[in-house]
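As structure tokens, the structure follows; a few thoughts come after it.
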Amino acid sequence: MAEAETAIHVCDAAVTLAFSVLGKRWNGMIVATLGGGPATFVALRRAVAGISDTVLSDRLAELAQAGLVARTVDAGPPVTVSYALTASGEGLLPILNQLGEWASANLEVPAH
């Protein structure tokens, strides 16, 4: 019984950690957008409708710190910054797709 409880706590801790990053508004959309390939800040801002520049910058920094997104600076001229998924970020794409399919099949959209 102790082994089963330990396994549950380890799993719960891992899921909690994952949702501490993925549960933040916009992060899933940013990762999904980058699933289509590298993008500049401006391209991401256009693709993720409704996000402010400040929040996008913060979310990209958080995703980079979590090891899901890589930031690349091209000295130019002009200087350009692009963002791309790391191998860990790419590994997340099928999971996000499965989670979206599950949510569509099992959760009701709240009425406004």
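So you can find residues: chains in the structure tokens are A, B, ... in the order shown, residues in each start at 1, and ligands are numbered from 1 in order.
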Practice problem: Just list the residues in chain A DSSP gives strand (DSSP E or B) on the backbone, as a count of residues only. | Solution: 14
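By only C-alpha atoms, and with residues fewer than 5 positions from A:Val42 along its chain excluded, the set lying at most 12 Å from it is Ala47, Val48, Ala49, Ile51, Ser52, Asp53, Leu56, Ser57, Thr80, Val81, Ser82 and Tyr83 of chain A.
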Quiz item: Mind pulling up the distance from atom CA of A:Phe19 to atom CA of A:Gly36?
Solution: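 Pair atom CA of A:Gly36 / atom CA of A:Phe19 returns 22.4 Å.
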Quiz item: Which residue out of A:Leu85, A:Asp58, A:Val109, A:Ala18 has the minimum interatomic distance to A:Ala39 when only C-alpha atoms are used?
Solution: A:Leu85
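You can rank A:Leu44, A:Leu68, A:Leu60, A:Ile30 by their closest distance to A:Leu92 using only C-alpha atoms, and at the top of that list sits A:Leu68.
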Quiz prompt | Selected residue, from A:Leu93, A:Leu63, A:Ala13, A:Val69, that lies nearest to A:Pro38 when counting only C-alpha atoms | solution =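 Going through A:Leu93, A:Leu63, A:Ala13, A:Val69 one by one, the smallest distance to A:Pro38 is for A:Val69.
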